[in-house]
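As provided, model17.txt (compact mmCIF, N, CA and C atoms) reads as follows.
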```txt
# COMPACT_ATOMS: atom_id res chain seq x y z
N THR U 1 -8.07 9.21 6.25
CA THR U 1 -7.22 10.32 6.63
C THR U 1 -6.17 10.57 5.55
N ASP U 2 -5.75 11.79 5.41
CA ASP U 2 -4.65 12.12 4.52
C ASP U 2 -3.32 11.93 5.23
N ASN U 3 -3.35 11.80 6.54
CA ASN U 3 -2.14 11.66 7.34
C ASN U 3 -1.83 10.17 7.50
N LEU U 4 -0.95 9.65 6.64
CA LEU U 4 -0.66 8.22 6.67
C LEU U 4 -0.01 7.76 7.96
N LEU U 5 0.78 8.63 8.60
CA LEU U 5 1.40 8.24 9.86
C LEU U 5 0.34 8.06 10.94
N ALA U 6 -0.66 8.92 10.97
CA ALA U 6 -1.76 8.77 11.93
C ALA U 6 -2.52 7.47 11.66
N ALA U 7 -2.72 7.14 10.39
CA ALA U 7 -3.39 5.89 10.05
C ALA U 7 -2.57 4.69 10.52
N PHE U 8 -1.26 4.78 10.37
CA PHE U 8 -0.39 3.70 10.84
C PHE U 8 -0.54 3.51 12.35
N TRP U 9 -0.47 4.60 13.11
CA TRP U 9 -0.57 4.49 14.57
C TRP U 9 -1.94 4.01 15.01
N ALA U 10 -2.95 4.27 14.21
CA ALA U 10 -4.29 3.78 14.53
C ALA U 10 -4.46 2.32 14.13
N GLY U 11 -3.44 1.76 13.46
CA GLY U 11 -3.51 0.37 13.05
C GLY U 11 -4.33 0.18 11.79
N ARG U 12 -4.46 1.22 10.99
CA ARG U 12 -5.29 1.16 9.80
C ARG U 12 -4.50 1.54 8.56
N LEU U 13 -4.94 1.03 7.45
CA LEU U 13 -4.55 1.46 6.11
C LEU U 13 -3.16 1.11 5.63
N ILE U 14 -2.17 0.94 6.48
CA ILE U 14 -0.83 0.79 5.92
C ILE U 14 0.07 -0.04 6.86
N PRO U 15 0.78 -1.02 6.32
CA PRO U 15 1.71 -1.79 7.15
C PRO U 15 2.84 -0.90 7.67
N PRO U 16 3.37 -1.18 8.85
CA PRO U 16 4.40 -0.33 9.46
C PRO U 16 5.61 -0.03 8.58
N GLU U 17 6.15 -1.05 7.88
CA GLU U 17 7.34 -0.79 7.09
C GLU U 17 7.05 0.04 5.84
N LEU U 18 5.78 0.28 5.55
CA LEU U 18 5.43 1.13 4.41
C LEU U 18 4.86 2.48 4.85
N ALA U 19 4.80 2.72 6.16
CA ALA U 19 4.18 3.95 6.67
C ALA U 19 5.01 5.19 6.31
N VAL U 20 6.30 5.12 6.50
CA VAL U 20 7.17 6.25 6.19
C VAL U 20 8.33 5.71 5.36
N ILE U 21 8.38 6.13 4.11
CA ILE U 21 9.42 5.65 3.20
C ILE U 21 10.24 6.85 2.73
N PRO U 22 11.52 6.90 3.09
CA PRO U 22 12.35 8.00 2.61
C PRO U 22 12.41 8.01 1.09
N ARG U 23 12.41 9.20 0.50
CA ARG U 23 12.47 9.32 -0.96
C ARG U 23 13.69 8.61 -1.55
N LYS U 24 14.78 8.65 -0.81
CA LYS U 24 16.00 7.99 -1.30
C LYS U 24 15.76 6.49 -1.51
N ARG U 25 14.96 5.89 -0.64
CA ARG U 25 14.66 4.46 -0.77
C ARG U 25 13.86 4.21 -2.06
N LEU U 26 12.99 5.13 -2.41
CA LEU U 26 12.23 5.00 -3.65
C LEU U 26 13.12 5.22 -4.87
N TRP U 27 13.88 6.31 -4.85
CA TRP U 27 14.73 6.68 -5.98
C TRP U 27 15.80 5.63 -6.26
N SER U 28 16.32 5.03 -5.21
CA SER U 28 17.42 4.07 -5.39
C SER U 28 16.93 2.67 -5.72
N GLY U 29 15.62 2.46 -5.72
CA GLY U 29 15.07 1.14 -6.03
C GLY U 29 15.20 0.14 -4.91
N GLN U 30 15.39 0.62 -3.67
CA GLN U 30 15.56 -0.28 -2.52
C GLN U 30 14.23 -0.89 -2.05
N LEU U 31 13.12 -0.38 -2.56
CA LEU U 31 11.82 -0.94 -2.22
C LEU U 31 11.29 -1.63 -3.47
N THR U 32 11.18 -2.95 -3.43
CA THR U 32 10.79 -3.72 -4.60
C THR U 32 9.30 -4.06 -4.54
N PRO U 33 8.72 -4.39 -5.70
CA PRO U 33 7.33 -4.84 -5.71
C PRO U 33 7.11 -6.06 -4.81
N GLU U 34 8.09 -6.94 -4.76
CA GLU U 34 7.97 -8.14 -3.91
C GLU U 34 7.89 -7.76 -2.44
N GLN U 35 8.67 -6.77 -2.01
CA GLN U 35 8.64 -6.32 -0.62
C GLN U 35 7.29 -5.70 -0.27
N VAL U 36 6.74 -4.94 -1.18
CA VAL U 36 5.44 -4.32 -0.93
C VAL U 36 4.37 -5.40 -0.80
N ARG U 37 4.35 -6.34 -1.73
CA ARG U 37 3.35 -7.43 -1.66
C ARG U 37 3.54 -8.27 -0.40
N ALA U 38 4.79 -8.53 -0.01
CA ALA U 38 5.06 -9.31 1.20
C ALA U 38 4.52 -8.59 2.44
N ALA U 39 4.69 -7.28 2.50
CA ALA U 39 4.17 -6.51 3.64
C ALA U 39 2.64 -6.55 3.67
N LEU U 40 2.01 -6.44 2.50
CA LEU U 40 0.55 -6.52 2.45
C LEU U 40 0.06 -7.90 2.87
N GLU U 41 0.78 -8.94 2.49
CA GLU U 41 0.40 -10.30 2.88
C GLU U 41 0.62 -10.54 4.38
N ARG U 42 1.70 -10.01 4.91
CA ARG U 42 2.02 -10.22 6.32
C ARG U 42 0.98 -9.57 7.23
N TYR U 43 0.58 -8.35 6.91
CA TYR U 43 -0.35 -7.61 7.79
C TYR U 43 -1.79 -7.72 7.37
N ARG U 44 -2.04 -8.06 6.10
CA ARG U 44 -3.40 -8.23 5.57
C ARG U 44 -4.34 -7.11 6.05
N PRO U 45 -4.01 -5.84 5.76
CA PRO U 45 -4.87 -4.75 6.22
C PRO U 45 -6.25 -4.83 5.58
N GLU U 46 -7.25 -4.45 6.34
CA GLU U 46 -8.64 -4.45 5.86
C GLU U 46 -8.83 -3.42 4.75
N LEU U 47 -8.21 -2.26 4.92
CA LEU U 47 -8.28 -1.18 3.93
C LEU U 47 -6.89 -0.75 3.54
N VAL U 48 -6.70 -0.44 2.27
CA VAL U 48 -5.44 0.15 1.81
C VAL U 48 -5.76 1.32 0.90
N HIS U 49 -4.93 2.34 0.99
CA HIS U 49 -5.05 3.51 0.13
C HIS U 49 -3.79 3.57 -0.72
N LEU U 50 -3.94 3.30 -2.00
CA LEU U 50 -2.79 3.26 -2.90
C LEU U 50 -3.08 4.12 -4.12
N ARG U 51 -2.29 5.15 -4.28
CA ARG U 51 -2.46 6.00 -5.45
C ARG U 51 -2.04 5.26 -6.71
N GLU U 52 -2.49 5.74 -7.86
CA GLU U 52 -2.24 5.06 -9.13
C GLU U 52 -0.76 4.86 -9.40
N TRP U 53 0.06 5.88 -9.13
CA TRP U 53 1.50 5.74 -9.40
C TRP U 53 2.11 4.63 -8.54
N THR U 54 1.60 4.47 -7.32
CA THR U 54 2.10 3.41 -6.44
C THR U 54 1.69 2.04 -6.98
N ARG U 55 0.44 1.92 -7.38
CA ARG U 55 -0.03 0.64 -7.94
C ARG U 55 0.78 0.27 -9.17
N ASN U 56 1.07 1.24 -10.01
CA ASN U 56 1.82 0.97 -11.23
C ASN U 56 3.29 0.67 -10.94
N GLN U 57 3.92 1.50 -10.13
CA GLN U 57 5.35 1.33 -9.84
C GLN U 57 5.64 -0.01 -9.17
N TYR U 58 4.75 -0.45 -8.30
CA TYR U 58 4.98 -1.69 -7.55
C TYR U 58 4.17 -2.86 -8.09
N GLN U 59 3.61 -2.70 -9.28
CA GLN U 59 2.92 -3.80 -9.98
C GLN U 59 1.89 -4.49 -9.10
N LEU U 60 0.98 -3.71 -8.52
CA LEU U 60 0.02 -4.24 -7.56
C LEU U 60 -1.37 -4.49 -8.12
N GLU U 61 -1.60 -4.20 -9.39
CA GLU U 61 -2.95 -4.34 -9.95
C GLU U 61 -3.48 -5.77 -9.81
N ASP U 62 -2.68 -6.77 -10.16
CA ASP U 62 -3.13 -8.17 -10.06
C ASP U 62 -3.35 -8.57 -8.60
N TYR U 63 -2.44 -8.15 -7.73
CA TYR U 63 -2.58 -8.47 -6.30
C TYR U 63 -3.87 -7.87 -5.75
N LEU U 64 -4.12 -6.61 -6.06
CA LEU U 64 -5.33 -5.94 -5.58
C LEU U 64 -6.58 -6.62 -6.13
N ALA U 65 -6.57 -6.97 -7.40
CA ALA U 65 -7.74 -7.63 -8.00
C ALA U 65 -8.03 -8.96 -7.32
N ALA U 66 -6.99 -9.67 -6.91
CA ALA U 66 -7.16 -10.98 -6.28
C ALA U 66 -7.60 -10.89 -4.82
N HIS U 67 -7.17 -9.85 -4.10
CA HIS U 67 -7.39 -9.81 -2.65
C HIS U 67 -8.24 -8.64 -2.15
N TYR U 68 -8.47 -7.64 -3.00
CA TYR U 68 -9.17 -6.43 -2.57
C TYR U 68 -10.22 -6.03 -3.60
N GLN U 69 -11.16 -5.22 -3.16
CA GLN U 69 -12.12 -4.63 -4.09
C GLN U 69 -12.13 -3.13 -3.88
N PRO U 70 -12.31 -2.36 -4.96
CA PRO U 70 -12.31 -0.90 -4.83
C PRO U 70 -13.48 -0.42 -3.99
N VAL U 71 -13.23 0.64 -3.24
CA VAL U 71 -14.27 1.29 -2.45
C VAL U 71 -14.56 2.63 -3.12
N GLY U 72 -15.72 2.76 -3.74
CA GLY U 72 -16.06 4.00 -4.41
C GLY U 72 -15.31 4.17 -5.73
N GLN U 73 -15.58 5.30 -6.36
CA GLN U 73 -14.96 5.60 -7.65
C GLN U 73 -13.87 6.64 -7.47
N GLY U 74 -12.66 6.34 -7.96
CA GLY U 74 -11.58 7.31 -7.95
C GLY U 74 -11.03 7.66 -6.59
N LEU U 75 -11.26 6.82 -5.57
CA LEU U 75 -10.79 7.12 -4.22
C LEU U 75 -9.43 6.49 -3.92
N ASP U 76 -8.98 5.58 -4.75
CA ASP U 76 -7.72 4.85 -4.52
C ASP U 76 -7.76 4.06 -3.21
N LEU U 77 -8.98 3.71 -2.77
CA LEU U 77 -9.17 2.98 -1.52
C LEU U 77 -9.69 1.60 -1.85
N TYR U 78 -9.11 0.59 -1.18
CA TYR U 78 -9.47 -0.80 -1.44
C TYR U 78 -9.77 -1.51 -0.13
N ARG U 79 -10.82 -2.36 -0.14
CA ARG U 79 -11.21 -3.16 1.03
C ARG U 79 -10.92 -4.62 0.74
N ARG U 80 -10.39 -5.31 1.75
CA ARG U 80 -10.06 -6.73 1.60
C ARG U 80 -11.34 -7.52 1.32
N LYS U 81 -11.25 -8.49 0.40
CA LYS U 81 -12.40 -9.35 0.06
C LYS U 81 -12.69 -10.31 1.18
```

Target encoding C-alpha cells, full file:
Amino acid sequence: TDNLLAAFWAGRLIPPELAVIPRKRLWSGQLTPEQVRAALERYRPELVHLREWTRNQYQLEDYLAAHYQPVGQGLDLYRRK
C-alpha cells in the first residue's frame, strides 16, 4: 500500500513509532539512525518499505543486508530473512 498509516493499522510494514513522523522531527535531527534500527529490532517486521533517501539518511544499508533481502527490483521493499 502507498498509505503507510493503513499499513501500520494492519500491523504490516512499519513499526508504530515510525508510522507518522512530523517533518519537524526529521529536520531537527530528533530521529537518529540508532532509534530507527532499535524500532526495527523491537518489532522485527516481516516486510519493510524504505525509500533510498531513508536508507541513506538513517544508515540502514548494513542492517538491511544482515536482516532482510530485497523483494523485486527497484521496489524499496524488503522481506526479513

Problem set entry | Residue among U:Ile21, U:Leu50, U:Trp27, U:Tyr63 lying closest to U:Leu77, counting all atoms listed in the file | U:Leu50

Exercise. DSSP on the backbone: what in stretch 6-79 of chain U comes out helix (DSSP H, G or I), as an NGL selection string?
Worked result: :U and (6-9 or 16-18 or 23-27 or 33-43 or 52-57 or 61-67)

Problem set entry | Coordinates-based distance that separates atom C of U:Val71 from atom CA of U:Val36 (Å, one decimal) |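 These atoms are spaced 21.3 Å apart.
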
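Our summary of the geometry notes that atom N of U:Leu31 is positioned 13.0 Å from atom C of U:Asn56.
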
Seminar exercise, completed: Using only N, CA and C atoms, the residue out of U:Gln57, U:Gln73, U:His49, U:His67 with shortest distance to U:Pro33 is U:Gln57

Taking all atoms of stretch 23-41 of chain U that appear in the file, build a box with edges along x, y and z, extend it by 4 Å on every side, and state its centre and edge lengths in Å to one decimal, as lines of an AutoDock Vina configuration file.
```
center_x = 8.7
center_y = -0.6
center_z = -0.9
size_x = 25.4
size_y = 27.9
size_z = 18.6
```

Exercise. Suppose you want the space between atom N of U:Gly29 and atom N of U:Tyr58; what is it in Å?
Worked result: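 For atom N of U:Gly29 relative to atom N of U:Tyr58, the distance reads 11.5 Å.
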
Could you complete stretch 50-61 of chain U so that it carries all heavy atoms, and give it back as a PDB file, in the coordinates of the input?
```
ATOM      1  N   LEU U  50      -3.940   3.300  -2.000  1.00  0.00           N
ATOM      2  CA  LEU U  50      -2.790   3.260  -2.900  1.00  0.00           C
ATOM      3  C   LEU U  50      -3.080   4.120  -4.120  1.00  0.00           C
ATOM      4  O   LEU U  50      -4.007   3.833  -4.880  1.00  0.00           O
ATOM      5  CB  LEU U  50      -2.512   1.828  -3.355  1.00  0.00           C
ATOM      6  CG  LEU U  50      -2.062   0.861  -2.266  1.00  0.00           C
ATOM      7  CD1 LEU U  50      -2.099  -0.553  -2.790  1.00  0.00           C
ATOM      8  CD2 LEU U  50      -0.673   1.231  -1.795  1.00  0.00           C
ATOM      9  N   ARG U  51      -2.290   5.150  -4.280  1.00  0.00           N
ATOM     10  CA  ARG U  51      -2.460   6.000  -5.450  1.00  0.00           C
ATOM     11  C   ARG U  51      -2.040   5.260  -6.710  1.00  0.00           C
ATOM     12  O   ARG U  51      -1.309   4.265  -6.658  1.00  0.00           O
ATOM     13  CB  ARG U  51      -1.648   7.271  -5.270  1.00  0.00           C
ATOM     14  CG  ARG U  51      -2.200   8.104  -4.132  1.00  0.00           C
ATOM     15  CD  ARG U  51      -1.590   9.481  -4.111  1.00  0.00           C
ATOM     16  NE  ARG U  51      -2.269  10.297  -3.142  1.00  0.00           N
ATOM     17  CZ  ARG U  51      -1.774  10.618  -1.948  1.00  0.00           C
ATOM     18  NH1 ARG U  51      -0.576  10.190  -1.599  1.00  0.00           N
ATOM     19  NH2 ARG U  51      -2.459  11.364  -1.122  1.00  0.00           N
ATOM     20  N   GLU U  52      -2.490   5.740  -7.860  1.00  0.00           N
ATOM     21  CA  GLU U  52      -2.240   5.060  -9.130  1.00  0.00           C
ATOM     22  C   GLU U  52      -0.760   4.860  -9.400  1.00  0.00           C
ATOM     23  O   GLU U  52      -0.335   3.785  -9.820  1.00  0.00           O
ATOM     24  CB  GLU U  52      -2.883   5.846 -10.280  1.00  0.00           C
ATOM     25  CG  GLU U  52      -2.728   5.145 -11.615  1.00  0.00           C
ATOM     26  CD  GLU U  52      -3.404   5.878 -12.747  1.00  0.00           C
ATOM     27  OE1 GLU U  52      -4.012   6.944 -12.521  1.00  0.00           O
ATOM     28  OE2 GLU U  52      -3.310   5.383 -13.875  1.00  0.00           O
ATOM     29  N   TRP U  53       0.060   5.880  -9.130  1.00  0.00           N
ATOM     30  CA  TRP U  53       1.500   5.740  -9.400  1.00  0.00           C
ATOM     31  C   TRP U  53       2.110   4.630  -8.540  1.00  0.00           C
ATOM     32  O   TRP U  53       2.992   3.899  -8.985  1.00  0.00           O
ATOM     33  CB  TRP U  53       2.248   7.063  -9.224  1.00  0.00           C
ATOM     34  CG  TRP U  53       2.447   7.486  -7.812  1.00  0.00           C
ATOM     35  CD1 TRP U  53       1.633   8.292  -7.071  1.00  0.00           C
ATOM     36  CD2 TRP U  53       3.515   7.111  -6.947  1.00  0.00           C
ATOM     37  NE1 TRP U  53       2.132   8.442  -5.798  1.00  0.00           N
ATOM     38  CE2 TRP U  53       3.290   7.729  -5.703  1.00  0.00           C
ATOM     39  CE3 TRP U  53       4.639   6.316  -7.098  1.00  0.00           C
ATOM     40  CZ2 TRP U  53       4.144   7.578  -4.616  1.00  0.00           C
ATOM     41  CZ3 TRP U  53       5.497   6.160  -6.009  1.00  0.00           C
ATOM     42  CH2 TRP U  53       5.248   6.790  -4.792  1.00  0.00           C
ATOM     43  N   THR U  54       1.600   4.470  -7.320  1.00  0.00           N
ATOM     44  CA  THR U  54       2.100   3.410  -6.440  1.00  0.00           C
ATOM     45  C   THR U  54       1.690   2.040  -6.980  1.00  0.00           C
ATOM     46  O   THR U  54       2.505   1.118  -7.017  1.00  0.00           O
ATOM     47  CB  THR U  54       1.556   3.583  -5.009  1.00  0.00           C
ATOM     48  OG1 THR U  54       1.850   4.896  -4.547  1.00  0.00           O
ATOM     49  CG2 THR U  54       2.144   2.565  -4.068  1.00  0.00           C
ATOM     50  N   ARG U  55       0.440   1.920  -7.380  1.00  0.00           N
ATOM     51  CA  ARG U  55      -0.030   0.640  -7.940  1.00  0.00           C
ATOM     52  C   ARG U  55       0.780   0.270  -9.170  1.00  0.00           C
ATOM     53  O   ARG U  55       1.136  -0.900  -9.342  1.00  0.00           O
ATOM     54  CB  ARG U  55      -1.518   0.735  -8.277  1.00  0.00           C
ATOM     55  CG  ARG U  55      -2.411   0.918  -7.069  1.00  0.00           C
ATOM     56  CD  ARG U  55      -3.882   0.778  -7.404  1.00  0.00           C
ATOM     57  NE  ARG U  55      -4.320   1.538  -8.549  1.00  0.00           N
ATOM     58  CZ  ARG U  55      -4.898   2.739  -8.487  1.00  0.00           C
ATOM     59  NH1 ARG U  55      -5.085   3.327  -7.328  1.00  0.00           N
ATOM     60  NH2 ARG U  55      -5.301   3.348  -9.590  1.00  0.00           N
ATOM     61  N   ASN U  56       1.070   1.240 -10.010  1.00  0.00           N
ATOM     62  CA  ASN U  56       1.820   0.970 -11.230  1.00  0.00           C
ATOM     63  C   ASN U  56       3.290   0.670 -10.940  1.00  0.00           C
ATOM     64  O   ASN U  56       3.843  -0.310 -11.448  1.00  0.00           O
ATOM     65  CB  ASN U  56       1.727   2.151 -12.200  1.00  0.00           C
ATOM     66  CG  ASN U  56       0.333   2.316 -12.748  1.00  0.00           C
ATOM     67  OD1 ASN U  56      -0.451   1.379 -12.806  1.00  0.00           O
ATOM     68  ND2 ASN U  56      -0.002   3.533 -13.144  1.00  0.00           N
ATOM     69  N   GLN U  57       3.920   1.500 -10.130  1.00  0.00           N
ATOM     70  CA  GLN U  57       5.350   1.330  -9.840  1.00  0.00           C
ATOM     71  C   GLN U  57       5.640  -0.010  -9.170  1.00  0.00           C
ATOM     72  O   GLN U  57       6.649  -0.640  -9.442  1.00  0.00           O
ATOM     73  CB  GLN U  57       5.851   2.464  -8.961  1.00  0.00           C
ATOM     74  CG  GLN U  57       7.339   2.365  -8.665  1.00  0.00           C
ATOM     75  CD  GLN U  57       7.880   3.601  -7.971  1.00  0.00           C
ATOM     76  OE1 GLN U  57       7.214   4.611  -7.858  1.00  0.00           O
ATOM     77  NE2 GLN U  57       9.095   3.518  -7.511  1.00  0.00           N
ATOM     78  N   TYR U  58       4.750  -0.450  -8.300  1.00  0.00           N
ATOM     79  CA  TYR U  58       4.980  -1.690  -7.550  1.00  0.00           C
ATOM     80  C   TYR U  58       4.170  -2.860  -8.090  1.00  0.00           C
ATOM     81  O   TYR U  58       4.052  -3.881  -7.420  1.00  0.00           O
ATOM     82  CB  TYR U  58       4.754  -1.444  -6.063  1.00  0.00           C
ATOM     83  CG  TYR U  58       5.758  -0.457  -5.547  1.00  0.00           C
ATOM     84  CD1 TYR U  58       5.396   0.852  -5.242  1.00  0.00           C
ATOM     85  CD2 TYR U  58       7.097  -0.797  -5.449  1.00  0.00           C
ATOM     86  CE1 TYR U  58       6.340   1.775  -4.822  1.00  0.00           C
ATOM     87  CE2 TYR U  58       8.043   0.117  -5.044  1.00  0.00           C
ATOM     88  CZ  TYR U  58       7.657   1.402  -4.727  1.00  0.00           C
ATOM     89  OH  TYR U  58       8.599   2.312  -4.335  1.00  0.00           O
ATOM     90  N   GLN U  59       3.610  -2.700  -9.280  1.00  0.00           N
ATOM     91  CA  GLN U  59       2.920  -3.800  -9.980  1.00  0.00           C
ATOM     92  C   GLN U  59       1.890  -4.490  -9.100  1.00  0.00           C
ATOM     93  O   GLN U  59       1.913  -5.715  -8.924  1.00  0.00           O
ATOM     94  CB  GLN U  59       3.953  -4.791 -10.513  1.00  0.00           C
ATOM     95  CG  GLN U  59       5.005  -4.141 -11.379  1.00  0.00           C
ATOM     96  CD  GLN U  59       6.273  -4.961 -11.491  1.00  0.00           C
ATOM     97  OE1 GLN U  59       6.327  -6.106 -11.074  1.00  0.00           O
ATOM     98  NE2 GLN U  59       7.318  -4.367 -12.038  1.00  0.00           N
ATOM     99  N   LEU U  60       0.980  -3.710  -8.520  1.00  0.00           N
ATOM    100  CA  LEU U  60       0.020  -4.240  -7.560  1.00  0.00           C
ATOM    101  C   LEU U  60      -1.370  -4.490  -8.120  1.00  0.00           C
ATOM    102  O   LEU U  60      -2.242  -4.959  -7.397  1.00  0.00           O
ATOM    103  CB  LEU U  60      -0.085  -3.273  -6.363  1.00  0.00           C
ATOM    104  CG  LEU U  60       1.181  -3.142  -5.527  1.00  0.00           C
ATOM    105  CD1 LEU U  60       1.020  -2.033  -4.504  1.00  0.00           C
ATOM    106  CD2 LEU U  60       1.511  -4.452  -4.851  1.00  0.00           C
ATOM    107  N   GLU U  61      -1.600  -4.200  -9.390  1.00  0.00           N
ATOM    108  CA  GLU U  61      -2.950  -4.340  -9.950  1.00  0.00           C
ATOM    109  C   GLU U  61      -3.480  -5.770  -9.810  1.00  0.00           C
ATOM    110  O   GLU U  61      -4.609  -5.973  -9.366  1.00  0.00           O
ATOM    111  CB  GLU U  61      -2.986  -3.892 -11.408  1.00  0.00           C
ATOM    112  CG  GLU U  61      -2.736  -2.411 -11.610  1.00  0.00           C
ATOM    113  CD  GLU U  61      -3.808  -1.508 -11.026  1.00  0.00           C
ATOM    114  OE1 GLU U  61      -4.937  -1.975 -10.741  1.00  0.00           O
ATOM    115  OE2 GLU U  61      -3.508  -0.319 -10.833  1.00  0.00           O
TER     116      GLU U  61
END
```
